[in-house]
Amino acid sequence: MDTIKKTDQNIINTYARFQKVFVSGEGCVLKDENDNSYIDFLAGIAVCSLGHCHPKITEAICHQASKLVHVSNLFYTQPQAELASLLVEKSFADKVFFANSGAEANEAAIKLARRYFQVQGDKNKFKIITLEKSFHGRTMATLSATGQDKIKQGFDPVLEKFIHVPFNDIDSLRKCIDQSYDNDSKNSNICAIMLEPVQGEGGVIPADKDYLKEVRKLCDDNDIFLIFDEIQTGIGRCGRLFAYEEYNIEPDIMTLAKALGNGLPIGAMLASKKAKKGFDLGSHGSTFGGTPLVTAAAIEVVKIISDPDFLAKCRNKGEYFKQKLFVLKEKYRFIKDIRGMGLLIALEFETESDKKIDAADIVKKCMEKGFIINGIQGNILRFAPPLIVEENQIDKLVQCLDDILATENQ
Ligand SMILES: Cc1ncc(COP(=O)(O)O)c(C=O)c1O
C-alpha cells in the first residue's frame with residue numbers, strides 16, 4: 001500500500017495534508033518520492049532553521065545516539081546541563097525547565113506563574129491575560145489561552161480565567177488590569193500576561209515597540225509576570241536570538257520550542273530569578289523533557305544561530321526578501337501588506353477589493369512550481385524559510401509568485 005493511503009487509513013485525520021511524500025532533505029531543498037525538488041520556505045513551520053540535515057546537527061545526533069539516548073530526569077546528563085547553561089548565558093533567564101513541545105513549554109509557563117502566587121499565599125491571583133488572534137498550543141490549557149475561537153471549538157468547557165484583549169491596544173489592556181482589583185483587594189488578580197512578540201499563526205503581526213514597553217511597565221506596576229511565547233519567534237527566526245531583544249525589554253518567563261532542536265522535539269521554559277521560585281521539588285516534570293539526544297542537537301543549534309554574524313545575515317536576508325515583496329505590492333493592487341521581522345514574513349491579500357485571492361490557492365500553485373510556502377487566516381502567505389536561505393533562492397520564489405499573481409491579475 002502506498003504511503004498516502006496507509007496514512008489516511010490509519011492516522012486520525014486532523015491535518016489537511018498535501019498529496020506529497022517527502023523522503024529526503026538537504027539545506028533548503030526537499031525531495032519527494034518521485035525525485036522532485038522543492039525549495040522550502042516553511043522549514044517545518046519555523047522548525048528546521050538550519051535547513052534539513054545540517055551536517056553539524058546530524059553529527060551531534062548520531063554521536064549522542066551512539067552514546068546515550070535517555071536515562072530520565074532522575075539523573076544528570078552532560079548535554080542537558082550544557083544546553084541549560086547556554087540558554088541562561090544568552091538570555092535574561094536564571095533557570096530553565098525542559099519539555100517536549102511548544103504547548104508543553106507554555107503549560108509549564110502557565111503553571112509556574114499561577115503557582116508562584118499560590119505558594120506566596122495569594123490564592124486569588126491566577127487569571128492570565130492573553131491576546132486576541134494569539135496561538136499558544138493545543139493542550140487544554142494552551143488552547144484556552146489561545147485567542148482564536150476556531151481552536152477551541154468542541155472542547156467546552158475550556159479552562160477558565162484566561163482573558164483575551166486586542167493586540168497592540170494598550171488602553172484595552174490597562175482597562176482590563178484596572179478591573180482586576182477585586183473590591184477591597186490591594187492586589188490585581190492577574191498573575192500573568194502572555195503574548196507572542198510577533199503573532200505567528202494569527203497573521204505575522206509584530207507587536208509595536210511602544211506597546212511592549214508599556215506592557216512591561218504595567219506588569220511591573222501591578223506585580224504581574226510577563227510571559228513571552230517565543231516558540232515561533234525565538235532562536236534567530238526574527239533576526240535576533242530572541243525577538244524580545246528587538247524591543248529592549250525582557251520578559252519574566254519565556255517559552256521556546258520549534259527551532260531549538262532543528263526538528264528534534266524539544267520545548268523549554270526559561271524563568272527569571274523571581275519567577276523560577278514558582279516551582280520546587282515535585283511541582284512539575286516530564287519523562288522525556290531534555291533528553292541527552294535532543295539537548296545534544298539543541299546545543300549545536302544555539303551555538304550556530306547565536307553567532308552575531310549569522311544573525312546579522314538573517315536580518316539582511318529578511319530585509320532583502322521584504323524589499324522584493326514590496327516590489328510585488330507596487331505591481332499588484334490586491335496585495336494589502338508586507339510585514340514581518342527577520343525571516344518571519346507575511347504577504348497579506350486584500351479582502352475588501354473586487355479581486356479576492358485565496359492564500360491556499362497560491363500555496364498550491366507554488367507547490368506545483370517547486371516551492372513550499374504556507375497560507376494562514378485565509379488571505380495571508382507566511383514565509384519562514386530556513387535561516388540559511390540564499391538570496392538567489394529568495395529571487396526564485398519571488399519570481400514564481402510574480403508569475404502566479406500575473407495570471408490572477410488578468
Ligand atoms: C507561538 C506558538 N506557541 C505555541 C505553539 C505550539 O507549539 P507545539 O505545536 O510545539 O505544541 C506554536 C506552534 O505553532 C506557536 O507558533
# chains A, B, ... in the order shown; residues from 1 in each chain; ligands from 1
>>> residues_around(residues="Ser144 of chain A", least_positions_apart="5", cutoff="8 Å", atoms="only C-alpha atoms", output="list in words")
Lys152, Val158, Leu159, Glu160 and Phe162 of chain A
>>> closest_atom_pairs(of="segment 180-232 of chain A", to="segment 362-379 of chain A", cutoff="10 Å", atoms="only C-alpha atoms", output="Markdown table")
| residue | atom | partner | partner_atom | distance |
| --- | --- | --- | --- | --- |
| A:Gly200 | CA | A:Ile376 | CA | 9.2 |
| A:Glu201 | CA | A:Ile376 | CA | 6.7 |
| A:Gly202 | CA | A:Gln377 | CA | 7.0 |
| A:Gly203 | CA | A:Ile376 | CA | 6.6 |
| A:Val204 | CA | A:Ile376 | CA | 9.2 |
>>> residues_near_ligand(ligand="ligand 1", cutoff="9 Å", atoms="only C-alpha atoms and all ligand atoms", output="ChimeraX atom specification")
/A:45-46,100-106,134-139,142,146,195-201,229-233,255-258,265-267
>>> select_by_dssp(residues="segment 25-191 of chain A", states="strand (DSSP E)", output="compact mmCIF listing (two decimals) with N, CA and C atoms, in the first residue's frame")
# COMPACT_ATOMS: atom_id res chain seq x y z
N GLY A 25 15.96 15.56 2.55
CA GLY A 25 16.13 17.00 2.51
C GLY A 25 17.59 17.36 2.72
N GLU A 26 17.99 18.46 2.11
CA GLU A 26 19.36 18.93 2.30
C GLU A 26 19.33 20.45 2.19
N VAL A 29 16.40 22.49 0.47
CA VAL A 29 15.72 21.72 -0.59
C VAL A 29 15.19 20.38 -0.06
N LEU A 30 13.92 20.12 -0.38
CA LEU A 30 13.29 18.85 -0.02
C LEU A 30 13.05 18.03 -1.28
N LYS A 31 13.11 16.71 -1.14
CA LYS A 31 12.84 15.84 -2.30
C LYS A 31 11.65 14.94 -2.00
N ASP A 32 10.75 14.77 -2.97
CA ASP A 32 9.62 13.85 -2.76
C ASP A 32 9.96 12.48 -3.32
N SER A 37 12.22 18.15 -6.68
CA SER A 37 12.82 19.02 -5.66
C SER A 37 11.93 20.22 -5.38
N TYR A 38 11.97 20.66 -4.15
CA TYR A 38 11.19 21.83 -3.72
C TYR A 38 12.08 22.72 -2.86
N ILE A 39 12.03 24.03 -3.11
CA ILE A 39 12.73 24.94 -2.19
C ILE A 39 11.77 25.24 -1.05
N ASP A 40 12.26 25.04 0.15
CA ASP A 40 11.40 25.05 1.34
C ASP A 40 11.40 26.43 1.99
N LYS A 95 16.95 30.35 35.19
CA LYS A 95 16.83 28.89 35.15
C LYS A 95 15.92 28.44 34.01
N VAL A 96 16.04 27.16 33.69
CA VAL A 96 15.31 26.59 32.55
C VAL A 96 14.57 25.34 32.99
N PHE A 97 13.41 25.07 32.37
CA PHE A 97 12.75 23.78 32.51
C PHE A 97 12.58 23.21 31.11
N PHE A 98 12.93 21.93 30.90
CA PHE A 98 12.81 21.34 29.57
C PHE A 98 11.54 20.51 29.42
N ALA A 99 10.87 20.74 28.28
CA ALA A 99 9.68 19.96 27.92
C ALA A 99 9.92 19.40 26.51
N LYS A 127 -5.54 34.73 37.31
CA LYS A 127 -6.02 35.00 35.95
C LYS A 127 -4.85 35.32 35.02
N ILE A 128 -5.03 34.98 33.76
CA ILE A 128 -3.96 35.25 32.77
C ILE A 128 -4.57 36.00 31.58
N ILE A 129 -3.94 37.10 31.24
CA ILE A 129 -4.38 37.84 30.06
C ILE A 129 -3.58 37.37 28.85
N THR A 130 -4.29 37.04 27.78
CA THR A 130 -3.62 36.75 26.51
C THR A 130 -4.25 37.62 25.42
N LEU A 131 -3.75 37.53 24.20
CA LEU A 131 -4.17 38.48 23.17
C LEU A 131 -5.08 37.83 22.14
N PHE A 162 -8.82 32.75 31.58
CA PHE A 162 -7.98 33.41 30.57
C PHE A 162 -8.81 34.55 29.99
N ILE A 163 -8.23 35.73 29.95
CA ILE A 163 -8.96 36.89 29.42
C ILE A 163 -8.24 37.33 28.15
N HIS A 164 -8.97 37.47 27.06
CA HIS A 164 -8.34 37.91 25.80
C HIS A 164 -8.61 39.39 25.56
N VAL A 165 -7.55 40.13 25.25
CA VAL A 165 -7.72 41.54 24.90
C VAL A 165 -7.11 41.77 23.51
N ILE A 190 -4.63 39.30 38.40
CA ILE A 190 -3.93 38.79 37.21
C ILE A 190 -2.54 38.30 37.62
N CYS A 191 -2.20 37.07 37.28
CA CYS A 191 -0.85 36.59 37.62
C CYS A 191 0.11 36.75 36.44
>>> atom_distance(atom1="atom CA of Gly340 of chain A", atom2="atom CA of Asp402 of chain A")
19.6 Å
>>> residues_around(residues="Thr77 of chain A", least_positions_apart="6", cutoff="10 Å", atoms="only C-alpha atoms", output="NGL selection string")
:A and (68 or 70-71 or 290-292 or 295)
>>> closest_residue(among="A:Arg382, A:Lys217, A:Ala259, A:Asp178", to="His52 of chain A", atoms="only C-alpha atoms")
A:Ala259
>>> residues_around(residues="segment 272-283 of chain A", least_positions_apart="6", cutoff="10 Å", atoms="only C-alpha atoms", output="number ranges by chain")
A: 88, 91-97, 108-109, 111-120, 225-226, 250-254
>>> write_last_selection(atoms="C-alpha atoms", output="mmCIF file, in the first residue's frame")
data_model
loop_
_atom_site.group_PDB
_atom_site.id
_atom_site.type_symbol
_atom_site.label_atom_id
_atom_site.label_comp_id
_atom_site.auth_asym_id
_atom_site.auth_seq_id
_atom_site.Cartn_x
_atom_site.Cartn_y
_atom_site.Cartn_z
ATOM 1 C CA VAL A 88 20.830 31.040 30.660
ATOM 2 C CA SER A 91 19.108 35.217 27.743
ATOM 3 C CA PHE A 92 17.527 37.151 30.613
ATOM 4 C CA ALA A 93 16.797 33.883 32.403
ATOM 5 C CA ASP A 94 18.111 32.448 35.612
ATOM 6 C CA LYS A 95 16.826 28.889 35.155
ATOM 7 C CA VAL A 96 15.312 26.589 32.549
ATOM 8 C CA PHE A 97 12.749 23.777 32.509
ATOM 9 C CA ALA A 108 4.907 24.955 32.230
ATOM 10 C CA ALA A 109 4.827 28.766 31.974
ATOM 11 C CA LYS A 111 1.666 26.579 35.848
ATOM 12 C CA LEU A 112 4.752 28.453 37.020
ATOM 13 C CA ALA A 113 3.011 31.845 37.019
ATOM 14 C CA ARG A 114 -0.028 30.527 38.866
ATOM 15 C CA ARG A 115 1.927 28.519 41.389
ATOM 16 C CA TYR A 116 4.312 31.363 42.200
ATOM 17 C CA PHE A 117 1.477 33.405 43.666
ATOM 18 C CA GLN A 118 -0.317 30.431 45.248
ATOM 19 C CA VAL A 119 2.759 29.452 47.246
ATOM 20 C CA GLN A 120 3.110 33.091 48.301
ATOM 21 C CA PHE A 225 4.550 38.208 35.200
ATOM 22 C CA LEU A 226 5.262 38.952 31.555
ATOM 23 C CA GLU A 250 12.909 41.469 28.995
ATOM 24 C CA PRO A 251 10.155 39.062 29.942
ATOM 25 C CA ASP A 252 9.967 37.241 33.295
ATOM 26 C CA ILE A 253 9.213 33.943 31.608
ATOM 27 C CA MET A 254 9.854 32.825 28.028
#
>>> select_by_dssp(residues="segment 233-366 of chain A", states="helix (DSSP H, G or I)", output="PyMOL selection string")
chain A and resi 243-247+258-261+275-278+292-305+308-331+359-366
>>> atom_distance(atom1="atom CA of Leu86 of chain A", atom2="atom CA of Ala298 of chain A")
10.0 Å
